[in-house]
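Note: the block below is start-v8.tsv and it holds TSV, C-alpha atoms.
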```tsv
chain	number	residue	atom	x	y	z
A	1045	MET	CA	-14.09	-17.11	26.52
A	1046	THR	CA	-14.43	-13.60	27.87
A	1047	THR	CA	-16.24	-10.97	25.82
A	1048	ASP	CA	-13.28	-8.57	25.83
A	1049	VAL	CA	-10.82	-10.86	24.08
A	1050	LEU	CA	-8.00	-8.29	24.20
A	1051	ASN	CA	-7.92	-8.73	28.00
A	1052	THR	CA	-7.20	-12.47	27.63
A	1053	PRO	CA	-3.76	-14.04	27.03
A	1054	LEU	CA	-4.90	-14.80	23.48
A	1055	GLY	CA	-6.02	-11.23	22.85
A	1056	ALA	CA	-2.69	-10.24	21.32
A	1057	LEU	CA	-3.46	-12.57	18.40
A	1058	ASP	CA	-6.18	-10.12	17.38
A	1059	LEU	CA	-3.44	-7.66	16.46
A	1060	LEU	CA	-1.92	-9.98	13.85
A	1061	ALA	CA	-2.44	-9.46	10.12
A	1062	THR	CA	-2.64	-13.22	9.53
A	1063	MET	CA	-5.48	-15.61	10.41
A	1064	VAL	CA	-4.91	-17.60	13.62
A	1065	ALA	CA	-6.97	-20.20	15.47
A	1066	VAL	CA	-6.30	-22.21	18.63
A	1067	VAL	CA	-7.80	-25.70	18.30
A	1068	ARG	CA	-7.95	-29.10	19.96
A	1069	PRO	CA	-6.24	-32.04	18.20
A	1070	SER	CA	-9.71	-33.02	16.98
A	1071	GLY	CA	-9.99	-29.64	15.21
A	1072	GLU	CA	-12.53	-28.11	17.60
A	1073	CYS	CA	-12.01	-24.34	17.58
A	1074	LEU	CA	-11.22	-22.74	20.95
A	1075	PHE	CA	-10.15	-19.30	19.73
A	1076	ALA	CA	-10.26	-17.37	16.45
A	1077	ASN	CA	-8.60	-14.00	15.95
A	1078	ALA	CA	-10.20	-10.94	14.33
A	1079	LYS	CA	-8.48	-11.46	10.97
A	1080	LEU	CA	-9.85	-15.00	10.69
A	1081	GLU	CA	-13.32	-13.80	11.66
A	1082	ASP	CA	-13.17	-11.07	9.03
A	1083	THR	CA	-11.86	-13.32	6.25
A	1084	MET	CA	-14.33	-16.12	6.89
A	1085	GLY	CA	-17.15	-13.60	6.95
A	1086	VAL	CA	-18.85	-14.96	10.07
A	1087	SER	CA	-18.82	-13.99	13.73
A	1088	ARG	CA	-16.28	-15.28	16.23
A	1089	ARG	CA	-19.11	-16.98	18.11
A	1090	THR	CA	-19.96	-19.00	15.00
A	1091	LEU	CA	-16.33	-19.98	14.48
A	1092	LEU	CA	-16.05	-21.17	18.08
A	1093	ARG	CA	-18.94	-23.56	17.45
A	1094	GLY	CA	-17.15	-25.03	14.43
A	1095	ASN	CA	-14.22	-27.25	13.57
A	1096	VAL	CA	-11.10	-26.30	11.62
A	1097	LEU	CA	-11.61	-29.39	9.45
A	1098	GLU	CA	-14.73	-27.74	8.05
A	1099	TRP	CA	-12.78	-24.71	6.86
A	1100	LEU	CA	-10.47	-26.46	4.41
A	1101	SER	CA	-10.94	-28.55	1.29
A	1102	GLU	CA	-7.95	-30.72	2.36
A	1103	VAL	CA	-9.71	-32.40	5.30
A	1104	ASP	CA	-7.51	-35.52	5.41
A	1105	THR	CA	-4.28	-33.50	5.23
A	1106	MET	CA	-5.46	-31.21	8.02
A	1107	ARG	CA	-6.53	-34.12	10.23
A	1108	ALA	CA	-3.18	-35.88	9.73
A	1109	THR	CA	-1.18	-32.72	10.44
A	1110	LEU	CA	-3.13	-32.04	13.66
A	1111	ALA	CA	-2.57	-35.61	14.79
A	1112	ALA	CA	1.16	-35.47	14.01
A	1113	ALA	CA	1.63	-32.23	15.96
A	1114	ALA	CA	-0.46	-33.44	18.92
A	1115	SER	CA	1.54	-36.71	19.06
A	1116	ASN	CA	4.87	-34.84	18.90
A	1117	ILE	CA	5.77	-36.53	15.61
A	1118	VAL	CA	6.38	-33.00	14.29
A	1119	ALA	CA	6.65	-29.72	16.16
A	1120	THR	CA	5.32	-27.79	13.19
A	1121	GLY	CA	3.42	-29.02	10.14
A	1122	ARG	CA	2.88	-27.07	6.92
A	1123	PHE	CA	0.90	-27.57	3.74
A	1124	GLU	CA	-0.88	-25.61	0.99
A	1125	GLY	CA	-4.66	-25.61	1.08
A	1126	GLN	CA	-7.89	-24.03	-0.02
A	1127	MET	CA	-9.92	-22.26	2.67
A	1128	ARG	CA	-13.70	-22.27	2.35
A	1129	ARG	CA	-15.25	-18.88	3.12
A	1130	SER	CA	-18.47	-19.48	5.05
A	1131	ALA	CA	-20.10	-16.17	4.16
A	1132	LEU	CA	-20.20	-17.29	0.53
A	1133	GLY	CA	-21.83	-20.61	1.24
A	1134	GLY	CA	-18.60	-22.55	0.92
A	1135	THR	CA	-18.42	-22.00	-2.86
A	1136	ASP	CA	-15.59	-19.45	-2.75
A	1137	THR	CA	-12.13	-20.60	-1.71
A	1138	LEU	CA	-8.96	-18.78	-0.70
A	1139	PRO	CA	-5.51	-20.28	-1.36
A	1140	VAL	CA	-3.62	-20.38	1.95
A	1141	HIS	CA	-0.43	-21.70	3.48
A	1142	VAL	CA	-1.41	-23.62	6.63
A	1143	ILE	CA	0.96	-23.83	9.60
A	1144	VAL	CA	0.10	-26.09	12.56
A	1145	THR	CA	2.28	-25.55	15.66
A	1146	GLN	CA	2.49	-27.21	19.07
A	1147	THR	CA	1.90	-25.24	22.27
A	1148	ASP	CA	2.98	-25.92	25.87
A	1149	ARG	CA	-0.24	-27.92	26.30
A	1150	PHE	CA	-0.69	-31.29	24.58
A	1151	ASP	CA	-4.39	-30.61	23.96
A	1152	ARG	CA	-3.92	-27.19	22.32
A	1153	LEU	CA	-2.54	-26.43	18.83
A	1154	VAL	CA	-2.09	-23.14	17.00
A	1155	VAL	CA	-3.18	-23.05	13.36
A	1156	GLU	CA	-2.10	-20.12	11.21
A	1157	PHE	CA	-3.50	-19.42	7.74
A	1158	VAL	CA	-1.38	-17.17	5.52
A	1159	GLU	CA	-2.96	-15.91	2.31
A	1160	ILE	CA	-0.69	-16.94	-0.54
A	1161	GLU	CA	-1.71	-13.82	-2.46
A	1162	GLN	CA	-1.25	-11.51	0.52
A	1163	GLN	CA	2.44	-10.79	0.02
A	1164	SER	CA	2.13	-10.40	-3.73
A	1165	ARG	CA	-0.81	-8.02	-3.17
A	1166	ILE	CA	1.27	-5.90	-0.80
A	1167	ASP	CA	4.09	-5.84	-3.36
A	1168	ARG	CA	1.64	-4.77	-6.08
A	1169	GLU	CA	0.27	-1.99	-3.87
A	1170	GLU	CA	3.76	-0.70	-3.11
A	1171	ARG	CA	4.61	-0.68	-6.81
A	1172	SER	CA	1.33	1.04	-7.59
A	1173	ILE	CA	1.93	3.78	-5.01
A	1174	GLY	CA	5.45	4.39	-6.31
A	1175	LEU	CA	4.31	4.41	-9.92
A	1176	ALA	CA	1.43	6.77	-9.15
A	1177	GLN	CA	3.83	9.19	-7.47
A	1178	ALA	CA	6.17	9.07	-10.48
A	1179	ASN	CA	3.23	9.58	-12.86
A	1180	LYS	CA	2.01	12.52	-10.81
A	1181	GLU	CA	5.35	14.30	-11.03
A	1182	LEU	CA	5.65	13.50	-14.73
A	1183	LEU	CA	2.18	14.83	-15.47
A	1184	ARG	CA	2.69	18.01	-13.48
A	1185	ASN	CA	5.97	18.75	-15.23
A	1186	LEU	CA	4.56	17.86	-18.63
A	1187	ALA	CA	1.44	19.95	-18.07
A	1188	HIS	CA	3.50	23.00	-17.12
A	1189	GLU	CA	5.76	22.52	-20.14
A	1190	ILE	CA	2.73	22.31	-22.46
A	1191	LYS	CA	0.77	25.17	-20.93
A	1192	ASN	CA	3.03	28.11	-21.82
A	1193	PRO	CA	3.60	27.36	-25.52
A	1194	LEU	CA	-0.06	26.39	-25.84
A	1195	GLY	CA	-1.11	29.87	-24.76
A	1196	GLY	CA	1.27	31.36	-27.32
A	1197	ILE	CA	-0.10	29.16	-30.11
A	1198	ARG	CA	-3.69	30.12	-29.29
A	1199	GLY	CA	-2.86	33.83	-29.08
A	1200	ALA	CA	-1.00	33.76	-32.40
A	1201	ALA	CA	-3.92	31.95	-34.06
A	1202	GLN	CA	-6.35	34.61	-32.78
A	1203	LEU	CA	-4.17	37.43	-34.12
A	1204	LEU	CA	-3.83	35.64	-37.44
A	1205	ALA	CA	-7.60	35.15	-37.63
A	1206	MET	CA	-8.12	38.94	-37.30
A	1207	GLU	CA	-5.83	39.54	-40.32
A	1208	ILE	CA	-7.38	36.94	-42.61
A	1209	SER	CA	-10.31	37.82	-44.85
A	1210	SER	CA	-10.64	34.49	-46.64
A	1211	PRO	CA	-13.30	32.23	-45.05
A	1212	GLU	CA	-11.34	29.12	-46.14
A	1213	LEU	CA	-8.18	30.25	-44.34
A	1214	ALA	CA	-10.19	31.43	-41.32
A	1215	GLU	CA	-11.41	27.87	-40.92
A	1216	TYR	CA	-7.82	26.72	-40.35
A	1217	THR	CA	-7.25	29.25	-37.54
A	1218	SER	CA	-10.54	28.18	-36.00
A	1219	VAL	CA	-9.29	24.58	-35.91
A	1220	ILE	CA	-6.04	25.70	-34.22
A	1221	ILE	CA	-7.93	27.67	-31.57
A	1222	HIS	CA	-10.39	24.81	-30.95
A	1223	GLU	CA	-7.62	22.21	-30.57
A	1224	ALA	CA	-5.60	24.54	-28.32
A	1225	ASP	CA	-8.66	24.94	-26.09
A	1226	ARG	CA	-9.13	21.16	-25.99
A	1227	LEU	CA	-5.52	20.63	-24.94
A	1228	GLN	CA	-5.81	23.40	-22.35
A	1229	SER	CA	-8.83	21.64	-20.87
A	1230	LEU	CA	-6.85	18.39	-20.73
A	1231	VAL	CA	-3.94	20.13	-18.99
A	1232	ASP	CA	-6.31	21.72	-16.46
A	1233	ARG	CA	-7.74	18.29	-15.63
A	1234	LEU	CA	-4.24	16.88	-15.12
A	1235	LEU	CA	-3.35	19.69	-12.72
A	1236	ALA	CA	-6.72	19.95	-10.94
A	1237	PRO	CA	-6.07	17.41	-8.11
A	1238	HIS	CA	-2.89	19.24	-7.07
A	1239	ARG	CA	-4.24	22.79	-7.24
A	1240	ARG	CA	-7.29	22.72	-4.99
A	1241	PRO	CA	-6.63	22.55	-1.24
A	1242	ARG	CA	-8.21	19.58	0.50
A	1243	MET	CA	-11.38	20.34	2.48
A	1244	VAL	CA	-11.29	17.80	5.31
A	1245	GLY	CA	-14.33	17.10	7.45
A	1246	ASP	CA	-16.42	14.26	8.89
A	1247	VAL	CA	-17.64	12.05	6.05
A	1248	ASN	CA	-20.31	9.37	5.97
A	1249	ILE	CA	-19.30	7.01	3.16
A	1250	HIS	CA	-22.89	6.02	2.49
A	1251	GLU	CA	-23.86	9.64	1.83
A	1252	VAL	CA	-21.04	9.67	-0.72
A	1253	CYS	CA	-22.37	6.45	-2.29
A	1254	GLU	CA	-25.93	7.79	-2.42
A	1255	ARG	CA	-24.79	11.01	-4.09
A	1256	VAL	CA	-22.91	9.08	-6.77
A	1257	ARG	CA	-25.78	6.63	-7.18
A	1258	ALA	CA	-28.25	9.47	-7.78
A	1259	VAL	CA	-26.01	11.15	-10.37
A	1260	VAL	CA	-25.37	7.97	-12.37
A	1261	GLN	CA	-28.96	6.77	-12.11
A	1262	ALA	CA	-30.15	10.11	-13.48
A	1263	GLU	CA	-27.89	9.69	-16.52
A	1264	PHE	CA	-28.93	6.05	-17.05
A	1265	PRO	CA	-32.56	5.95	-15.86
A	1266	ARG	CA	-33.50	2.72	-17.68
A	1267	GLY	CA	-31.77	-0.60	-18.06
A	1268	LEU	CA	-29.29	-0.10	-15.20
A	1269	GLN	CA	-29.82	-1.31	-11.64
A	1270	ILE	CA	-27.51	0.09	-8.94
A	1271	VAL	CA	-27.71	-2.17	-5.89
A	1272	ARG	CA	-26.82	-1.04	-2.36
A	1273	ASP	CA	-25.00	-3.52	-0.14
A	1274	TYR	CA	-23.98	-1.35	2.81
A	1275	ASP	CA	-22.54	-2.08	6.23
A	1276	THR	CA	-24.33	0.65	8.15
A	1277	SER	CA	-22.05	0.23	11.18
A	1278	ILE	CA	-19.15	1.95	9.38
A	1279	PRO	CA	-18.34	5.13	11.34
A	1280	GLU	CA	-17.76	8.59	9.94
A	1281	PHE	CA	-14.14	9.46	9.27
A	1282	ARG	CA	-12.09	12.52	8.38
A	1283	ALA	CA	-11.80	12.99	4.63
A	1284	ASP	CA	-12.35	15.36	1.72
A	1285	ARG	CA	-15.95	14.61	0.81
A	1286	GLU	CA	-15.81	16.16	-2.66
A	1287	GLN	CA	-12.67	14.23	-3.57
A	1288	LEU	CA	-14.26	10.94	-2.51
A	1289	ILE	CA	-17.42	11.74	-4.46
A	1290	GLN	CA	-15.37	12.50	-7.57
A	1291	ALA	CA	-13.22	9.36	-7.17
A	1292	LEU	CA	-16.23	7.08	-6.73
A	1293	LEU	CA	-18.17	8.86	-9.48
A	1294	ASN	CA	-15.32	8.28	-11.94
A	1295	VAL	CA	-15.27	4.56	-11.13
A	1296	VAL	CA	-19.06	4.07	-11.23
A	1297	HIS	CA	-19.47	6.18	-14.36
A	1298	ASN	CA	-16.77	4.12	-16.10
A	1299	ALA	CA	-18.63	0.95	-15.10
A	1300	ALA	CA	-21.92	2.31	-16.44
A	1301	GLN	CA	-20.34	3.24	-19.77
A	1302	ALA	CA	-18.82	-0.24	-20.06
A	1303	LEU	CA	-22.32	-1.69	-19.55
A	1304	SER	CA	-23.83	-0.02	-22.63
A	1305	THR	CA	-24.76	-3.35	-24.27
A	1306	ARG	CA	-26.37	-4.70	-21.10
A	1307	ILE	CA	-28.15	-1.40	-20.49
A	1308	ALA	CA	-29.71	-1.73	-23.95
A	1309	ALA	CA	-30.74	-5.28	-23.02
A	1310	GLY	CA	-32.12	-4.06	-19.68
A	1311	ASP	CA	-30.03	-6.29	-17.38
A	1312	ALA	CA	-27.08	-4.05	-16.43
A	1313	ARG	CA	-26.15	-4.21	-12.76
A	1314	ILE	CA	-23.72	-2.32	-10.53
A	1315	VAL	CA	-23.28	-3.20	-6.85
A	1316	LEU	CA	-21.95	-0.69	-4.31
A	1317	ARG	CA	-20.65	-2.71	-1.36
A	1318	THR	CA	-19.13	-1.36	1.87
A	1319	ARG	CA	-17.41	-3.40	4.56
A	1320	VAL	CA	-14.97	-2.91	7.45
A	1321	ALA	CA	-11.67	-4.80	7.22
A	1322	ARG	CA	-9.38	-5.38	10.19
A	1323	GLN	CA	-5.59	-5.37	10.41
A	1324	VAL	CA	-5.09	-4.10	6.86
A	1325	THR	CA	-1.65	-3.42	5.39
A	1326	ILE	CA	-1.52	-0.59	2.84
A	1327	GLY	CA	1.87	-0.04	1.34
A	1328	LYS	CA	4.20	-0.56	4.29
A	1329	GLN	CA	1.75	0.65	6.96
A	1330	ARG	CA	-0.68	-1.47	8.94
A	1331	PHE	CA	-4.04	-0.09	10.04
A	1332	ARG	CA	-6.34	-1.56	12.66
A	1333	LEU	CA	-9.48	-0.80	10.65
A	1334	ALA	CA	-10.13	0.14	7.05
A	1335	LEU	CA	-13.08	0.87	4.80
A	1336	GLU	CA	-13.48	-1.50	1.86
A	1337	LEU	CA	-15.67	-0.03	-0.87
A	1338	HIS	CA	-16.28	-2.31	-3.84
A	1339	VAL	CA	-17.87	-1.33	-7.15
A	1340	GLN	CA	-18.91	-4.48	-9.00
A	1341	ASP	CA	-20.52	-4.68	-12.44
A	1342	ASN	CA	-21.64	-7.45	-14.78
A	1343	GLY	CA	-20.06	-5.95	-17.88
A	1344	PRO	CA	-17.67	-7.44	-20.44
A	1345	GLY	CA	-14.60	-6.88	-18.27
A	1346	VAL	CA	-11.47	-4.80	-18.72
A	1347	PRO	CA	-9.45	-5.78	-21.82
A	1348	GLU	CA	-6.62	-8.03	-20.66
A	1349	GLU	CA	-3.98	-6.04	-22.52
A	1350	ILE	CA	-4.64	-2.91	-20.42
A	1351	LEU	CA	-5.65	-4.45	-17.09
A	1352	ASP	CA	-2.20	-3.92	-15.56
A	1353	ARG	CA	-2.13	-0.32	-16.84
A	1354	ILE	CA	-5.71	0.73	-16.21
A	1355	PHE	CA	-4.75	3.43	-13.68
A	1356	HIS	CA	-2.01	4.86	-15.87
A	1357	PRO	CA	-2.69	8.30	-17.39
A	1358	LEU	CA	-4.25	8.37	-20.87
A	1359	VAL	CA	-4.96	4.61	-20.90
A	1360	SER	CA	-8.56	3.87	-21.85
A	1361	GLY	CA	-10.40	0.77	-22.99
A	1362	ARG	CA	-13.26	2.79	-24.43
A	1363	GLU	CA	-13.55	4.54	-27.76
A	1364	GLY	CA	-13.24	8.27	-27.18
A	1365	GLY	CA	-12.21	7.92	-23.52
A	1366	SER	CA	-9.66	10.39	-22.14
A	1367	GLY	CA	-7.98	7.82	-19.87
A	1368	LEU	CA	-7.98	10.29	-16.94
A	1369	GLY	CA	-10.99	9.19	-14.88
A	1370	LEU	CA	-9.33	6.25	-13.11
A	1371	THR	CA	-6.01	8.10	-12.81
A	1372	LEU	CA	-7.75	10.92	-10.95
A	1373	ALA	CA	-9.70	8.41	-8.83
A	1374	GLN	CA	-6.41	6.77	-7.82
A	1375	THR	CA	-4.89	10.18	-6.98
A	1376	PHE	CA	-7.83	11.14	-4.74
A	1377	VAL	CA	-7.84	7.75	-2.97
A	1378	GLN	CA	-4.09	7.85	-2.37
A	1379	GLN	CA	-4.42	11.33	-0.90
A	1380	HIS	CA	-6.48	9.57	1.81
A	1381	GLN	CA	-3.68	7.00	2.42
A	1382	GLY	CA	-5.76	4.45	0.54
A	1383	THR	CA	-5.43	2.18	-2.46
A	1384	ILE	CA	-7.58	1.25	-5.43
A	1385	ALA	CA	-7.29	-2.00	-7.35
A	1386	CYS	CA	-9.17	-3.84	-10.08
A	1387	ASP	CA	-10.07	-7.50	-10.55
A	1388	SER	CA	-11.77	-8.27	-13.84
A	1389	GLU	CA	-13.05	-11.13	-15.94
A	1390	PRO	CA	-15.89	-11.31	-18.50
A	1391	GLY	CA	-19.19	-10.82	-16.67
A	1392	ARG	CA	-17.62	-9.55	-13.44
A	1393	THR	CA	-15.41	-6.52	-12.78
A	1394	VAL	CA	-14.68	-5.26	-9.26
A	1395	PHE	CA	-12.92	-2.03	-8.34
A	1396	MET	CA	-11.77	-2.22	-4.72
A	1397	ILE	CA	-11.15	1.01	-2.79
A	1398	THR	CA	-9.51	0.65	0.63
A	1399	ILE	CA	-9.19	3.64	2.98
A	1400	PRO	CA	-7.94	3.55	6.61
A	1401	LEU	CA	-10.47	4.28	9.36
A	1402	PRO	CA	-9.69	5.89	12.72
```
Let me see the file written as structure tokens.
Amino acid sequence: MTTDVLNTPLGALDLLATMVAVVRPSGECLFANAKLEDTMGVSRRTLLRGNVLEWLSEVDTMRATLAAAASNIVATGRFEGQMRRSALGGTDTLPVHVIVTQTDRFDRLVVEFVEIEQQSRIDREERSIGLAQANKELLRNLAHEIKNPLGGIRGAAQLLAMEISSPELAEYTSVIIHEADRLQSLVDRLLAPHRRPRMVGDVNIHEVCERVRAVVQAEFPRGLQIVRDYDTSIPEFRADREQLIQALLNVVHNAAQALSTRIAAGDARIVLRTRVARQVTIGKQRFRLALELHVQDNGPGVPEEILDRIFHPLVSGREGGSGLGLTLAQTFVQQHQGTIACDSEPGRTVFMITIPLP
């Protein structure tokens, strides 16, 4: 194999969004594309020393399908399987649809692995982007409709307060003014992401992570461990640094607040993990490279009844929460052509931010 795989006849397979390997009928790997390398979590060199039979739980099915294709019993064989991901010691599996296809050489077979969840994930992302856009327009219109009468209510309450001599009645006007100010603050937060112009510059994502880590660690100095798991090879990219800081801060701060019981026990843990993903589809666009930023905590998990709505405005799983932090985080990430998603179960919650890289 040549080092510059894109200059080989098989190099075009590196451009695919699905995992592809070229193997011998025995399963010996002759070529692995970039997507397979990325998903398995090991280098191409390591994959080329391995055997496709080692990658699946269904060893007998894979061996029989390879033999059938190599013997021309079938031109193409398909089955559902569980792929072992080497980077996780073989304990984590990925449901895949396996397709084994003949080539023009009897001793070469093409094996394609299609993530079963991949299409449903793309569909979810498209729905999420559309819903976020609809929510944004709704919130902007609602905020503008609330703002004008709110100013009138506050002004009238102030004038009324100047005419009232009774302390008991003055208390009522004070409540009106206080609540009007609270609603005005809420409206300002709803409109904030759309008012300020974006300040785009070169951003190092790990500087963003360190800034957020310092802020949250200062607020929770004891009982909370924030672990760095960085891929330092990730290049700088053009982005609004302050927006990314605010988006990540909202997510990490939410995680820290959800960990209150574990913080009291002294075993709360948040992991900030950065990786580069290849051939990523976001919405309907495909990008050659993307940043994957994961925020993982060992808290109680997101309540199941709100998990599908966690990025909706005013939805909160915490007593006294405004339900705007994750909505704003989603807005800022989407302004960078990215997506944010959540996977949660008791003891493990992961927020996954994906942003295209140049």
Q | 12 Å contact set for region 1253-1265 of chain A, only C-alpha atoms, chain neighbours under 6 positions out, as a VMD selection string | A | chain A and resid 1247 1271 to 1274 1285 to 1301 1303 to 1304 1306 to 1308 1310 1312 to 1318 1337 to 1339
Q.
To one decimal place in Å, what is the distance between CA of Ser1210 (chain A) and CA of Asp1225 (chain A)?
A.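 Atom-to-atom, CA of Ser1210 (chain A) and CA of Asp1225 (chain A) are spaced 22.7 Å apart.
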Q | Exercise: residues within 10 Å of coordinate (-12.7, 21.2, 5.2), counting only C-alpha atoms, as a PyMOL selection string | A | chain A and resi 1241-1246+1282-1286
Q) Just how far from CA of Val1155 (chain A) is CA of Ser1087 (chain A), in Å to one decimal? A)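 Between CA of Ser1087 (chain A) and CA of Val1155 (chain A) the gap works out to 18.1 Å.
Nearest to His1380 (chain A) of all the residues A:Phe1123, A:Pro1400, A:Leu1204, A:Val1066 is A:Pro1400, counting all atoms listed in the file.
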Q: Go through A:Gly1369, A:Pro1402, A:Pro1069, A:Gly1199 one by one, measure the shortest atom-to-atom distance of each to Gln1381 (chain A) using only C-alpha atoms, and give the residue with the smallest value.
A: A:Pro1402
Q | Neighbour list for Ile1160 (chain A) as a ChimeraX atom specification, cut-off 7 Å, only C-alpha atoms, skip fewer than 6 positions in-chain | A | /A:1139-1141
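Compared by their closest atoms to Ala1108 (chain A), and using only C-alpha atoms, the residues A:Gly1071, A:Gly1094, A:Pro1344, A:Gly1085 rank with A:Gly1071 nearest.
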**Q.** Residue with smallest distance to Glu1223 (chain A) - pool A:Ala1201, A:Leu1074, A:Ala1112, A:Leu1401, counting only C-alpha atoms
**A.** A:Ala1201
Q | Within 7 Å of Thr1383 (chain A) using only C-alpha atoms, minus same-chain residues under 6 positions, as a PyMOL selection string | A | chain A and resi 1377+1397-1399
Q: Might you pull out every residue within 10 Å of Glu1348 (chain A), with all atoms listed in the file counted and same-chain residues fewer than 4 positions away left off, and present them as a ChimeraX atom specification?
A: /A:1352-1354,1361,1388-1389
Q | Gap from CA of Asp1058 (chain A) to CA of Val1144 (chain A) - Å, one decimal | A | 17.8 Å
Q) For Gly1391 (chain A), which of A:Ala1334, A:Ala1302, A:Leu1153, A:Ala1056 is the closest residue, counting only C-alpha atoms? A)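 Nearest to Gly1391 (chain A): A:Ala1302.
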